[in-house]
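Below is one structure, written out as structure tokens, with a few remarks after it.
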Amino acid sequence: MLKKRYRLRKRGSFAYVRTHGTKYNDRYLTLGVVRGNCKLVGFVVSNKIGKAVKRNLVKRRMRGAVRELWTSIGSGQYIFSARTGITELGYAEIKERISALIAKACGVKGAAAENRT
RNA sequence: CGAGAUGACCGGACGGUUGCGACACGACUUGUUUGUGCCGAGGAAAGUCCGAACACCGCAGGACAGAACGCCGGCUAACUACCGGUGGAGGCGACUCCAAGGAAAGUGCAACAGAAAUAAACCGCCGAGUAAUCGGCAAGGGUGGAAAGGCGAGGUAAGAGCUCACACGGCCUUGCGGUAACGCGAGGCGCUAUGUAAACCCCGUUUGGUGCAAGAUCGAAGGGACAUGAGUUGUCCGCUCCCCCUUCUACAUCGCAUGAAUCUUACGGUAACGUAAGGUCAAGACAGAUAACCGUCCACGACAGAAUUCGGCUUACAGGUCAUUCUCGCCAG
RNA sequence: GCUGCUAUGGCUCAGUAGGUAGAGCACGUCCUUGGUAAGGACGAGGUCACCAGUUCAAGUCUGGUUAGCAGCU
């Protein structure tokens with residue numbers, strides 16, 4: 001599991017990433033990224049996903065996956081948003097999809113930075 | 001053996017690796033550090049439907065309105081909950097269910113059907129009359145959820161509680177039993193009275209508002225202003241205050257985890273529950289902590305995630321366990 | 001976490017002192033026109049979100065459930 005100090009926690013940070021970040025989409029996940037020196041990750045699981053038990057389960061799995069892939073992530077602020085239907089996936093699938101998104105984001109790092117400025 | 005009834009309980013287990021949150025004790029590089037120990041979701045944590053604690057609203061006052069409840073007795077911090085009884089309804093039964101005061105205080109409503117709906121005469125019956133028609137009656141028919149008690153006898157022109165009987169219904173008086181609701185009897189009164197109060201209402205009881213995003217501590221700017229205004233309920237009265245309003249920033253610390261707590265035993269009580277003794281401290285976050293993988297076993301795992309805290313209610317739920325428990329049916333002896 | 005509101009034909013809505021559920025648009029058939037639109041006539045379409053209760057009778061009254069919407073920060 002990810003320690004608290006590596007997680008994105010402030011309301012303002014979420015708003016910043018959402019408006020200024022580059023987005024990468026998947027069938028079940030959305031990733032928003034802003035480059036920076038520190039390395040912070042946030043998770044969004046909305047009410048649409050399900051009731052409290054399902055939401056918590058999804059959130060835990062996402063955190064667990066990110067922890068295992070921690071070394072492959074570059075510095076910056078990340079937000080993973082869950083989309084409807086994700087409750088049908090197992091842990092392994094979620095992990096695969098997250099790693100694919102991370103690869104995509106880190107691969108086009110330079111281009112994303114140019115577009116932003 | 002099968003079908004049920006009632007009450008209580010459990011809610012995968014064990015082991016290994018990696019990982020997360022709070023707390024305690026250490027370490028040194030003194031902080032977004034690290035090591036060890038210990039603890040870490042539920043019977044409903046849910047819905048937010050009642051009742052409280054606690055906090056604030058200057059005081060927490062009054063009246064009306066509004067709201068809730070409504071057989072009796074207990075229990076409780078409190079309650080509309082709970083327990084026991086009474087009455088009623090359902091079931092062959094064990095047993096279950098019931099917002100269960102007042103309809104002669106008043107008002108409203110009762111569609112359609114039906115002659116007529118709180119009111120009396122369509123068909124009908126009887127009498128008078130040649131007949132038209134007039135008078136008497138409410139037994140029978142039919143409508144309706146409901147038609148001025150039921151059934152029998154007497155009585156009559158025909159009929160009618162008009163009169164009488166009833167282990168019938170109602171009202172009044174009274175005896176016995178019960179704390180009481182009420183029950184079981186006795187006597188009297190021929191007896192007018194439909195339903196609806198989960199329609200307004202009447203009677204009785206209770207009730208100030210807002211809710212931990214309550215609130216306490218810590219800022220800045222702008223505007224109004226000496227009687228306006230404000231003081232969190234709809235209206236009014238009373239009382240009080242001198243400052244009030246708006247916007248923005250910050251989201252830290254406290255509130256915040258020992259409590260009407262819970263477990264065991266004993267005693268009292270039919271029970272809810274109470275009393276005494278002893279034991280236990282057992283989540284406390286603020287983008288919000290329980291996951292991933294593997295192995296073994298079985299019934300192959302449902303509903304579902306704490307957010308101020310308790311007592312209830314309601315709703316969801318795979319499967320399973322227990323009881324000198326209770327009922328019905330079938331078979332055998 | 002807390003507090004409110006709504007649910008009626010395909011769509012937008014009425015329906016207040018319980019008594020056989022209505023309007024507009026849309027839809028179908030016919031008339032009108034050389035044809036279309038407009039207009040006219042007729043018609044179909046409803047478990048009144050769901051489950052119980054009160055009542056002779058419930059869209060309406062009472063309790064519960066489920067969806068959806070809004071506000072408080």
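Ordering of the structure tokens sets the chain letters (A, B, ...), residue numbers begin anew at 1 in every chain, and ligands are numbered from 1 in the order given.
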
*asked:* Quick check for you: according to DSSP on this backbone, which residues of segment 4-104 of chain A are classed as strand (DSSP E)? Reply as a ChimeraX atom specification.
replied: /A:22-25,29-34,39-44,76-82

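For segment 29-43 of chain A, the residues within 6 Å (counting only C-alpha atoms (C1' of nucleotides), excluding itself and residues fewer than 5 positions away along the chain) are Tyr6, Arg7, Leu8, Gly21, Thr22, Lys23, Tyr24, Ser75, Gly76, Gln77, Tyr78, Ile79, Phe80, Ser81, Ala82 and Arg83 of chain A.
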
Emit the selected residues as a PDB file, in the first residue's frame, including N, CA, C and O atoms.
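Result file follows (again_28.pdb):
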ATOM      1  N   TYR A   6       2.950  10.024   0.004  1.00  0.00           N
ATOM      2  CA  TYR A   6       3.052  10.003  -1.455  1.00  0.00           C
ATOM      3  C   TYR A   6       1.705  10.199  -2.133  1.00  0.00           C
ATOM      4  O   TYR A   6       1.604  10.112  -3.337  1.00  0.00           O
ATOM      5  N   ARG A   7       0.664  10.411  -1.310  1.00  0.00           N
ATOM      6  CA  ARG A   7      -0.652  10.546  -1.913  1.00  0.00           C
ATOM      7  C   ARG A   7      -1.037  12.010  -2.074  1.00  0.00           C
ATOM      8  O   ARG A   7      -0.675  12.851  -1.262  1.00  0.00           O
ATOM      9  N   LEU A   8      -1.786  12.275  -3.100  1.00  0.00           N
ATOM     10  CA  LEU A   8      -2.304  13.603  -3.369  1.00  0.00           C
ATOM     11  C   LEU A   8      -3.523  13.796  -2.478  1.00  0.00           C
ATOM     12  O   LEU A   8      -4.435  12.980  -2.484  1.00  0.00           O
ATOM     13  N   GLY A  21      -3.904  19.316 -16.280  1.00  0.00           N
ATOM     14  CA  GLY A  21      -3.206  18.074 -16.586  1.00  0.00           C
ATOM     15  C   GLY A  21      -3.498  17.553 -17.980  1.00  0.00           C
ATOM     16  O   GLY A  21      -4.464  17.938 -18.623  1.00  0.00           O
ATOM     17  N   THR A  22      -2.630  16.648 -18.435  1.00  0.00           N
ATOM     18  CA  THR A  22      -2.856  15.919 -19.674  1.00  0.00           C
ATOM     19  C   THR A  22      -3.608  14.649 -19.338  1.00  0.00           C
ATOM     20  O   THR A  22      -3.320  14.022 -18.323  1.00  0.00           O
ATOM     21  N   LYS A  23      -4.584  14.289 -20.205  1.00  0.00           N
ATOM     22  CA  LYS A  23      -5.434  13.150 -19.854  1.00  0.00           C
ATOM     23  C   LYS A  23      -5.138  11.968 -20.758  1.00  0.00           C
ATOM     24  O   LYS A  23      -4.902  12.125 -21.967  1.00  0.00           O
ATOM     25  N   TYR A  24      -5.159  10.792 -20.165  1.00  0.00           N
ATOM     26  CA  TYR A  24      -5.021   9.542 -20.901  1.00  0.00           C
ATOM     27  C   TYR A  24      -6.184   8.657 -20.516  1.00  0.00           C
ATOM     28  O   TYR A  24      -6.457   8.473 -19.321  1.00  0.00           O
ATOM     29  N   SER A  75       8.452  11.403 -11.966  1.00  0.00           N
ATOM     30  CA  SER A  75       7.981  12.396 -11.006  1.00  0.00           C
ATOM     31  C   SER A  75       6.835  13.202 -11.604  1.00  0.00           C
ATOM     32  O   SER A  75       6.758  13.414 -12.814  1.00  0.00           O
ATOM     33  N   GLY A  76       5.950  13.688 -10.733  1.00  0.00           N
ATOM     34  CA  GLY A  76       4.796  14.463 -11.182  1.00  0.00           C
ATOM     35  C   GLY A  76       3.605  14.179 -10.297  1.00  0.00           C
ATOM     36  O   GLY A  76       3.707  13.440  -9.313  1.00  0.00           O
ATOM     37  N   GLN A  77       2.465  14.835 -10.652  1.00  0.00           N
ATOM     38  CA  GLN A  77       1.234  14.610  -9.896  1.00  0.00           C
ATOM     39  C   GLN A  77       0.263  13.836 -10.769  1.00  0.00           C
ATOM     40  O   GLN A  77      -0.007  14.220 -11.912  1.00  0.00           O
ATOM     41  N   TYR A  78      -0.250  12.758 -10.224  1.00  0.00           N
ATOM     42  CA  TYR A  78      -1.111  11.857 -10.990  1.00  0.00           C
ATOM     43  C   TYR A  78      -2.468  11.742 -10.315  1.00  0.00           C
ATOM     44  O   TYR A  78      -2.561  11.727  -9.091  1.00  0.00           O
ATOM     45  N   ILE A  79      -3.514  11.631 -11.152  1.00  0.00           N
ATOM     46  CA  ILE A  79      -4.843  11.304 -10.606  1.00  0.00           C
ATOM     47  C   ILE A  79      -5.422  10.166 -11.427  1.00  0.00           C
ATOM     48  O   ILE A  79      -5.551  10.263 -12.649  1.00  0.00           O
ATOM     49  N   PHE A  80      -5.777   9.103 -10.765  1.00  0.00           N
ATOM     50  CA  PHE A  80      -6.468   7.994 -11.413  1.00  0.00           C
ATOM     51  C   PHE A  80      -7.943   8.081 -11.069  1.00  0.00           C
ATOM     52  O   PHE A  80      -8.319   8.094  -9.893  1.00  0.00           O
ATOM     53  N   SER A  81      -8.809   8.147 -12.097  1.00  0.00           N
ATOM     54  CA  SER A  81     -10.254   8.144 -11.866  1.00  0.00           C
ATOM     55  C   SER A  81     -10.826   6.837 -12.369  1.00  0.00           C
ATOM     56  O   SER A  81     -10.538   6.427 -13.496  1.00  0.00           O
ATOM     57  N   ALA A  82     -11.659   6.245 -11.557  1.00  0.00           N
ATOM     58  CA  ALA A  82     -12.322   5.010 -11.972  1.00  0.00           C
ATOM     59  C   ALA A  82     -13.557   5.352 -12.773  1.00  0.00           C
ATOM     60  O   ALA A  82     -14.193   6.384 -12.558  1.00  0.00           O
ATOM     61  N   ARG A  83     -13.871   4.469 -13.740  1.00  0.00           N
ATOM     62  CA  ARG A  83     -15.092   4.667 -14.522  1.00  0.00           C
ATOM     63  C   ARG A  83     -16.014   3.479 -14.283  1.00  0.00           C
ATOM     64  O   ARG A  83     -15.606   2.460 -13.736  1.00  0.00           O
TER      65      ARG A  83
END

* To do: Identify all chain B residues at most 12 Å from chain A by counting only C-alpha atoms (C1' of nucleotides); ligands do not count. Present them as a PyMOL selection string.
  => chain B and resi 18-21+32+41+45-46+251+286-293+303-306

Self-check item: Residue neighbourhood G45 of chain C, 10 Å, only C-alpha atoms (C1' of nucleotides), exclusion window fewer than 3 positions, as a PyMOL selection string
Solution: chain C and resi 9-10+27

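As for atom C1' of C11 of chain C and atom C1' of A41 of chain C, they are spaced 24.9 Å apart.
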
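Taking only C-alpha atoms (C1' of nucleotides) into account, C61 of chain C lies nearest to C:G18 out of the set C:G18, C:A44, C:C13, C:U3.
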